[in-house]
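Trainee: Quick one: the structure is below, questions incoming.
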Amino acid sequence: MTISTTTRSRRLHRAWFVAAVAFVAILGAAGFRATPGVLITPLQEEFGWTKGTISLAVSVNLVLYGLTAPFAAALMDRFGMRRVVSLALLLVAIGSGLTVLMTASWQLLLFWGVFVGLGTGSMALVFVATVTDRWFVKHRGVVTGLLTAAGATGQLIFLPVLARLAEGPGWRVASLTVAGAALAVVPFVWWLLRDHPEDVGTTALGAEPGTVRTLPVQQNAAVRALTVLRSAARTRAFWFLAGGFAICGASTNGLVGTHFIPAAHDHGMAEPVAAGLLAVIGIFDIAGTVASGWLSDKVDPKILLGVYYGLRGLSLMVLPGLFAATTQPSMLIFIVFYGLDWVATVPPTVALCRRIYGADGAVVFGWVFGSHQIGAAFAAVGAGLTRDHLGAYDLAWYVSGALCLLAAGMSLAIGHAKGR
């Protein structure tokens, strides 16, 4: 009996297996998140659509990616993570696959914008928050960082491959590759992901023995999401978090993620080379996000956010002078620095939502994440229109940098109570 008990105690906790499946699921959906910058130029060349038109589809995708999140968090509370994430991956695969059949720009808006936006939004960072809340008491910050880094890992894996495919066999092959990757993950999620530790006879990692889990919320998911929003919106902390995260989205997904490749191409850089630089951002993003998760367990999260946003703003103001036809050392320095900072904001933001709003933290983070994607959408369209009308992206970089400095100030002003 002693040997058996000791053996069981040394087994890896089931929470780590759930985290691993979640990592793979997020990585599988990340493929399509990496494609907009790669496909803008091929779509423009084939169909004659302007960058503003294509950027509009990206914006629809980004908005739905964000606004779906709080409702997805409520749906996961009601119906479970496994069902929601499996259906989300299927929707991503359908939307990505159907793009190969499009002949008009409205179809791009529907397939790329609506279908994939809803699918990816249903398993975005709220999935990370839900997994860590249910399965981890200990190491929450580190696991949040690791799961957030899954998106960067997907970018690292898919970007160079998709760029080569788009330049060689064509953008349709790239889209089908993403659809296949998302489909391949569905069986792993359905068979291996579990909604609660009690489903497999255990407790959350680090929880006290005999801890009783909160029963599933029976309230209508949409009603709960809106009720939580109404309550959180009465607090100043929510608006500081949402405002800062909107700027975060504008300066990452919306601007750099969507327009870095075409901006580099404007200066004579080959698109596969520019895509490779974005992939390098993904490498350092993994390290930066995991480190940020570890720091979020030890340092006041609002201080971390202030530092992250401030340094990001300064780096964006320098970027316009770094573009060239070849990769210069100064650009490599920017790529490394920006990679470390890319989504390092997520773990402290999740930690603040959990600390301030308690059991509603995941749903509140869903709304905060929605603001992230609204900011990204405005930046995607704004930068595309800037390029169409001014012939360069410079103004977009400078405005984004200034907004990041504003986000640093808002983050430092966040209090630790709901009313502050």
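Identifiers for the structure tokens are assigned positionally: chains receive A, B, ... in sequence, residues are indexed from 1 per chain, and ligands are indexed from 1 in the order shown.
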Hey, what's within 12 Å of stretch 201-210 of chain A if we count only C-alpha atoms and toss same-chain stuff fewer than 4 positions away? As a PDB file with C-alpha atoms, in the first residue's frame, please?
Mentor:
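And here's part-v2.pdb as it stands now:
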ATOM      1  CA  ARG A   8       0.625   7.708  -7.346  1.00  0.00           C
ATOM      2  CA  SER A   9       1.969  10.783  -5.555  1.00  0.00           C
ATOM      3  CA  LEU A  12       2.448  14.004 -13.063  1.00  0.00           C
ATOM      4  CA  HIS A  13      -0.765  15.789 -12.105  1.00  0.00           C
ATOM      5  CA  ARG A  14      -3.556  15.489 -14.661  1.00  0.00           C
ATOM      6  CA  ALA A  15      -3.688  19.308 -14.875  1.00  0.00           C
ATOM      7  CA  TRP A  16      -0.449  19.272 -16.869  1.00  0.00           C
ATOM      8  CA  PHE A  17      -1.992  16.947 -19.458  1.00  0.00           C
ATOM      9  CA  VAL A  18      -4.998  19.258 -19.781  1.00  0.00           C
ATOM     10  CA  ALA A  19      -2.646  22.207 -20.201  1.00  0.00           C
ATOM     11  CA  VAL A 131      -8.199  26.321 -18.033  1.00  0.00           C
ATOM     12  CA  THR A 132      -5.977  27.982 -15.435  1.00  0.00           C
ATOM     13  CA  ASP A 133      -8.911  28.924 -13.190  1.00  0.00           C
ATOM     14  CA  ARG A 134     -10.323  25.379 -13.162  1.00  0.00           C
ATOM     15  CA  TRP A 135      -7.207  23.243 -13.142  1.00  0.00           C
ATOM     16  CA  PHE A 136      -4.540  25.288 -11.333  1.00  0.00           C
ATOM     17  CA  VAL A 137      -4.211  26.972  -7.972  1.00  0.00           C
ATOM     18  CA  LYS A 138      -0.452  26.665  -7.941  1.00  0.00           C
ATOM     19  CA  HIS A 139       1.597  27.917 -10.931  1.00  0.00           C
ATOM     20  CA  ARG A 140      -1.311  29.846 -12.446  1.00  0.00           C
ATOM     21  CA  VAL A 143       0.676  28.191 -17.013  1.00  0.00           C
ATOM     22  CA  ARG A 194     -11.668  17.471 -19.513  1.00  0.00           C
ATOM     23  CA  ASP A 195     -13.780  20.294 -18.159  1.00  0.00           C
ATOM     24  CA  HIS A 196     -13.103  19.901 -14.420  1.00  0.00           C
ATOM     25  CA  PRO A 197     -10.601  18.012 -12.227  1.00  0.00           C
ATOM     26  CA  THR A 214     -18.131  25.559  -7.963  1.00  0.00           C
TER      27      THR A 214
END
Trainee: With only C-alpha atoms counted and 6 Å as the cut-off, give the residues of stretch 137-211 of chain A in contact with stretch 96-106 of chain A, each with its shortest interatomic distance in Å and the pair that gives it, as a Markdown table.
Mentor:
| residue | atom | partner | partner_atom | distance |
| --- | --- | --- | --- | --- |
| A:Arg172 | CA | A:Val100 | CA | 5.2 |
| A:Ser175 | CA | A:Ser96 | CA | 5.6 |
| A:Leu176 | CA | A:Gly97 | CA | 5.3 |
| A:Ala179 | CA | A:Ser96 | CA | 5.4 |
Trainee: Using the selection just defined, write its residues with N, CA and C atoms as a compact mmCIF listing (two decimals), in the first residue's frame.
Mentor:
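To be explicit, this is the file written out as out.txt:
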# COMPACT_ATOMS: atom_id res chain seq x y z
N ARG A 172 -3.95 29.62 -51.92
CA ARG A 172 -4.99 28.62 -51.65
C ARG A 172 -4.43 27.40 -50.92
N SER A 175 -4.04 28.36 -47.32
CA SER A 175 -5.30 28.35 -46.58
C SER A 175 -5.75 26.92 -46.25
N LEU A 176 -5.59 26.01 -47.20
CA LEU A 176 -5.96 24.62 -46.96
C LEU A 176 -5.06 23.98 -45.91
N ALA A 179 -6.49 24.98 -42.62
CA ALA A 179 -7.72 24.23 -42.35
C ALA A 179 -7.39 22.82 -41.88
Trainee: Under the rule that only C-alpha atoms are counted, which of A:Leu255, A:Leu165, A:Ala325, A:Leu352 is the nearest residue to A:Ser55?
Mentor: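 Among the listed residues, the smallest separation from A:Ser55 belongs to A:Leu255.
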Trainee: Got a sec: who's within 8 Å of A:Leu64, counting only C-alpha atoms, leaving out chain neighbours fewer than 6 positions off, as a short mmCIF file (atom, residue, chain, number, x, y, z; two decimals) with all heavy atoms, in the first residue's frame?
Mentor:
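Just written: around-v7.cif:
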data_model
loop_
_atom_site.label_atom_id
_atom_site.label_comp_id
_atom_site.auth_asym_id
_atom_site.auth_seq_id
_atom_site.Cartn_x
_atom_site.Cartn_y
_atom_site.Cartn_z
N GLY A 113 -13.44 36.74 -42.44
CA GLY A 113 -13.83 37.63 -41.35
C GLY A 113 -14.75 36.99 -40.34
O GLY A 113 -14.42 36.88 -39.16
N VAL A 114 -15.94 36.51 -40.80
CA VAL A 114 -16.98 36.05 -39.87
C VAL A 114 -16.71 34.64 -39.35
O VAL A 114 -16.63 34.43 -38.13
CB VAL A 114 -18.36 36.10 -40.55
CG1 VAL A 114 -19.43 35.55 -39.60
CG2 VAL A 114 -18.70 37.54 -40.94
N GLY A 117 -13.33 34.41 -37.56
CA GLY A 117 -13.39 35.29 -36.40
C GLY A 117 -14.16 34.67 -35.25
O GLY A 117 -13.73 34.69 -34.09
N LEU A 118 -15.33 34.09 -35.56
CA LEU A 118 -16.14 33.43 -34.53
C LEU A 118 -15.43 32.20 -33.97
O LEU A 118 -15.44 31.96 -32.76
CB LEU A 118 -17.49 33.03 -35.10
CG LEU A 118 -18.47 34.17 -35.42
CD1 LEU A 118 -19.71 33.62 -36.14
CD2 LEU A 118 -18.88 34.90 -34.15
N GLY A 121 -12.30 33.25 -31.94
CA GLY A 121 -12.72 33.98 -30.75
C GLY A 121 -13.29 33.07 -29.67
O GLY A 121 -13.23 33.38 -28.48
N GLN A 373 -9.35 43.27 -29.36
CA GLN A 373 -9.57 43.00 -30.76
C GLN A 373 -10.24 44.16 -31.49
O GLN A 373 -10.02 44.35 -32.68
CB GLN A 373 -10.38 41.72 -30.92
CG GLN A 373 -9.67 40.49 -30.39
CD GLN A 373 -8.25 40.38 -30.93
OE1 GLN A 373 -7.29 40.49 -30.19
NE2 GLN A 373 -8.12 40.19 -32.24
#
Trainee: Nearest to A:Pro301 among A:Tyr338, A:Ala413, A:Ser231, A:Val364, with distances taken over only C-alpha atoms: which residue is it?
Mentor: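 The closest residue to A:Pro301 is A:Ala413.
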Trainee: May I have the residues within 9 Å of stretch 262-275 of chain A as a PyMOL selection string, using only C-alpha atoms and disregarding those fewer than 2 positions away in the same chain?
Mentor: chain A and resi 37-38+40-41+159-160+162-164+167+258-260+277-280+323-327+387+392-393
Trainee: Env of A:Trp190: 12 Å cut, atoms = only C-alpha atoms, seq-sep filter 5 positions within chain, self excluded. Answer as a short mmCIF file (atom, residue, chain, number, x, y, z; two decimals) with all heavy atoms, in the first residue's frame.
Mentor:
data_model
loop_
_atom_site.label_atom_id
_atom_site.label_comp_id
_atom_site.auth_asym_id
_atom_site.auth_seq_id
_atom_site.Cartn_x
_atom_site.Cartn_y
_atom_site.Cartn_z
N VAL A 18 -3.97 18.36 -19.27
CA VAL A 18 -5.00 19.26 -19.78
C VAL A 18 -4.35 20.50 -20.38
O VAL A 18 -4.74 20.97 -21.45
CB VAL A 18 -5.98 19.64 -18.65
CG1 VAL A 18 -6.93 20.75 -19.11
CG2 VAL A 18 -6.77 18.43 -18.20
N VAL A 21 -2.92 19.65 -23.81
CA VAL A 21 -3.94 19.58 -24.86
C VAL A 21 -4.41 20.99 -25.23
O VAL A 21 -4.59 21.31 -26.41
CB VAL A 21 -5.14 18.73 -24.39
CG1 VAL A 21 -6.26 18.79 -25.42
CG2 VAL A 21 -4.70 17.30 -24.16
N ALA A 22 -4.59 21.84 -24.23
CA ALA A 22 -4.99 23.22 -24.51
C ALA A 22 -3.93 23.93 -25.34
O ALA A 22 -4.25 24.69 -26.27
CB ALA A 22 -5.21 23.96 -23.19
N ALA A 25 -4.29 22.80 -28.90
CA ALA A 25 -5.50 23.35 -29.51
C ALA A 25 -5.30 24.80 -29.92
O ALA A 25 -5.66 25.22 -31.02
CB ALA A 25 -6.67 23.24 -28.53
N GLY A 80 -19.18 23.41 -21.08
CA GLY A 80 -17.88 22.76 -20.98
C GLY A 80 -16.90 23.21 -22.06
O GLY A 80 -17.28 23.56 -23.17
N MET A 81 -15.62 23.16 -21.71
CA MET A 81 -14.57 23.58 -22.63
C MET A 81 -14.47 22.66 -23.83
O MET A 81 -14.23 23.10 -24.95
CB MET A 81 -13.22 23.61 -21.90
CG MET A 81 -13.12 24.62 -20.79
SD MET A 81 -11.46 24.67 -20.07
CE MET A 81 -11.38 23.06 -19.27
N ARG A 82 -14.62 21.36 -23.61
CA ARG A 82 -14.40 20.38 -24.67
C ARG A 82 -15.33 20.61 -25.85
O ARG A 82 -14.90 20.63 -27.00
CB ARG A 82 -14.56 18.96 -24.12
CG ARG A 82 -14.25 17.89 -25.14
CD ARG A 82 -14.16 16.52 -24.50
NE ARG A 82 -15.43 16.10 -23.92
CZ ARG A 82 -15.72 14.84 -23.64
NH1 ARG A 82 -14.83 13.89 -23.86
NH2 ARG A 82 -16.88 14.51 -23.12
N ARG A 83 -16.62 20.81 -25.58
CA ARG A 83 -17.58 21.02 -26.66
C ARG A 83 -17.32 22.33 -27.40
O ARG A 83 -17.32 22.39 -28.63
CB ARG A 83 -19.00 21.01 -26.11
CG ARG A 83 -19.45 19.66 -25.57
CD ARG A 83 -20.85 19.77 -24.99
NE ARG A 83 -21.32 18.49 -24.45
CZ ARG A 83 -22.45 18.34 -23.80
NH1 ARG A 83 -23.25 19.38 -23.60
NH2 ARG A 83 -22.80 17.15 -23.33
N VAL A 84 -17.12 23.39 -26.62
CA VAL A 84 -16.95 24.71 -27.23
C VAL A 84 -15.69 24.77 -28.09
O VAL A 84 -15.72 25.25 -29.23
CB VAL A 84 -16.91 25.81 -26.13
CG1 VAL A 84 -16.56 27.17 -26.74
CG2 VAL A 84 -18.25 25.88 -25.41
N VAL A 85 -14.58 24.25 -27.58
CA VAL A 85 -13.32 24.32 -28.31
C VAL A 85 -13.35 23.43 -29.55
O VAL A 85 -12.83 23.80 -30.61
CB VAL A 85 -12.14 23.96 -27.38
CG1 VAL A 85 -10.84 23.86 -28.17
CG2 VAL A 85 -12.00 25.01 -26.28
N SER A 86 -13.94 22.25 -29.45
CA SER A 86 -14.03 21.36 -30.62
C SER A 86 -14.82 22.01 -31.74
O SER A 86 -14.40 22.00 -32.91
CB SER A 86 -14.67 20.03 -30.22
OG SER A 86 -13.88 19.32 -29.31
N LEU A 87 -15.97 22.60 -31.41
CA LEU A 87 -16.77 23.27 -32.43
C LEU A 87 -16.05 24.49 -32.99
O LEU A 87 -16.16 24.79 -34.19
CB LEU A 87 -18.13 23.68 -31.84
CG LEU A 87 -19.09 22.53 -31.53
CD1 LEU A 87 -20.34 23.06 -30.81
CD2 LEU A 87 -19.50 21.81 -32.81
N ALA A 88 -15.31 25.19 -32.14
CA ALA A 88 -14.56 26.36 -32.59
C ALA A 88 -13.50 25.97 -33.63
O ALA A 88 -13.32 26.65 -34.65
CB ALA A 88 -13.91 27.05 -31.41
N LEU A 89 -12.78 24.90 -33.37
CA LEU A 89 -11.76 24.44 -34.32
C LEU A 89 -12.38 24.03 -35.65
O LEU A 89 -11.83 24.29 -36.72
CB LEU A 89 -10.98 23.28 -33.71
CG LEU A 89 -9.94 23.65 -32.66
CD1 LEU A 89 -9.49 22.43 -31.89
CD2 LEU A 89 -8.74 24.35 -33.30
N LEU A 90 -13.54 23.38 -35.60
CA LEU A 90 -14.24 23.01 -36.83
C LEU A 90 -14.63 24.25 -37.62
O LEU A 90 -14.52 24.28 -38.86
CB LEU A 90 -15.48 22.19 -36.50
CG LEU A 90 -15.25 20.76 -36.02
CD1 LEU A 90 -16.57 20.12 -35.57
CD2 LEU A 90 -14.61 19.90 -37.12
N LEU A 183 -8.28 21.04 -38.18
CA LEU A 183 -9.02 19.79 -38.11
C LEU A 183 -8.26 18.70 -37.37
O LEU A 183 -8.85 17.90 -36.64
CB LEU A 183 -9.35 19.30 -39.53
CG LEU A 183 -10.56 19.93 -40.23
CD1 LEU A 183 -10.67 19.39 -41.65
CD2 LEU A 183 -11.84 19.67 -39.45
N ALA A 184 -6.96 18.67 -37.56
CA ALA A 184 -6.14 17.62 -36.96
C ALA A 184 -6.16 17.68 -35.43
O ALA A 184 -5.93 16.67 -34.76
CB ALA A 184 -4.70 17.71 -37.47
N VAL A 185 -6.43 18.86 -34.89
CA VAL A 185 -6.40 19.02 -33.44
C VAL A 185 -7.71 18.58 -32.79
O VAL A 185 -7.74 18.22 -31.61
CB VAL A 185 -6.08 20.50 -33.09
CG1 VAL A 185 -6.06 20.71 -31.58
CG2 VAL A 185 -4.75 20.91 -33.68
N ASP A 195 -13.30 18.98 -18.59
CA ASP A 195 -13.78 20.29 -18.16
C ASP A 195 -13.40 20.64 -16.73
O ASP A 195 -13.11 21.80 -16.43
CB ASP A 195 -15.30 20.37 -18.31
CG ASP A 195 -15.73 20.28 -19.77
OD1 ASP A 195 -15.09 20.94 -20.60
OD2 ASP A 195 -16.68 19.53 -20.07
#
Trainee: In terms of the shortest atom-to-atom distance over only C-alpha atoms, which of A:Gly48, A:Gly180, A:Gly384, A:Gly358 is closest to A:Gly95?
Mentor: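 Ranking A:Gly48, A:Gly180, A:Gly384, A:Gly358 by distance to A:Gly95, first place goes to A:Gly180.
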Trainee: Quote the spacing between atom CA of A:Thr235 and atom CA of A:Gly401 in Å to one decimal place.
Mentor: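 Value for the atom CA of A:Thr235-atom CA of A:Gly401 distance: 26.9 Å.
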Trainee: Using DSSP on the backbone coordinates, identify the residues of stretch 263-360 of chain A assigned to helix (DSSP H, G or I); present them as a VMD selection string.
Mentor: chain A and resid 263 to 266 271 to 296 301 to 321 329 to 341 346 to 360
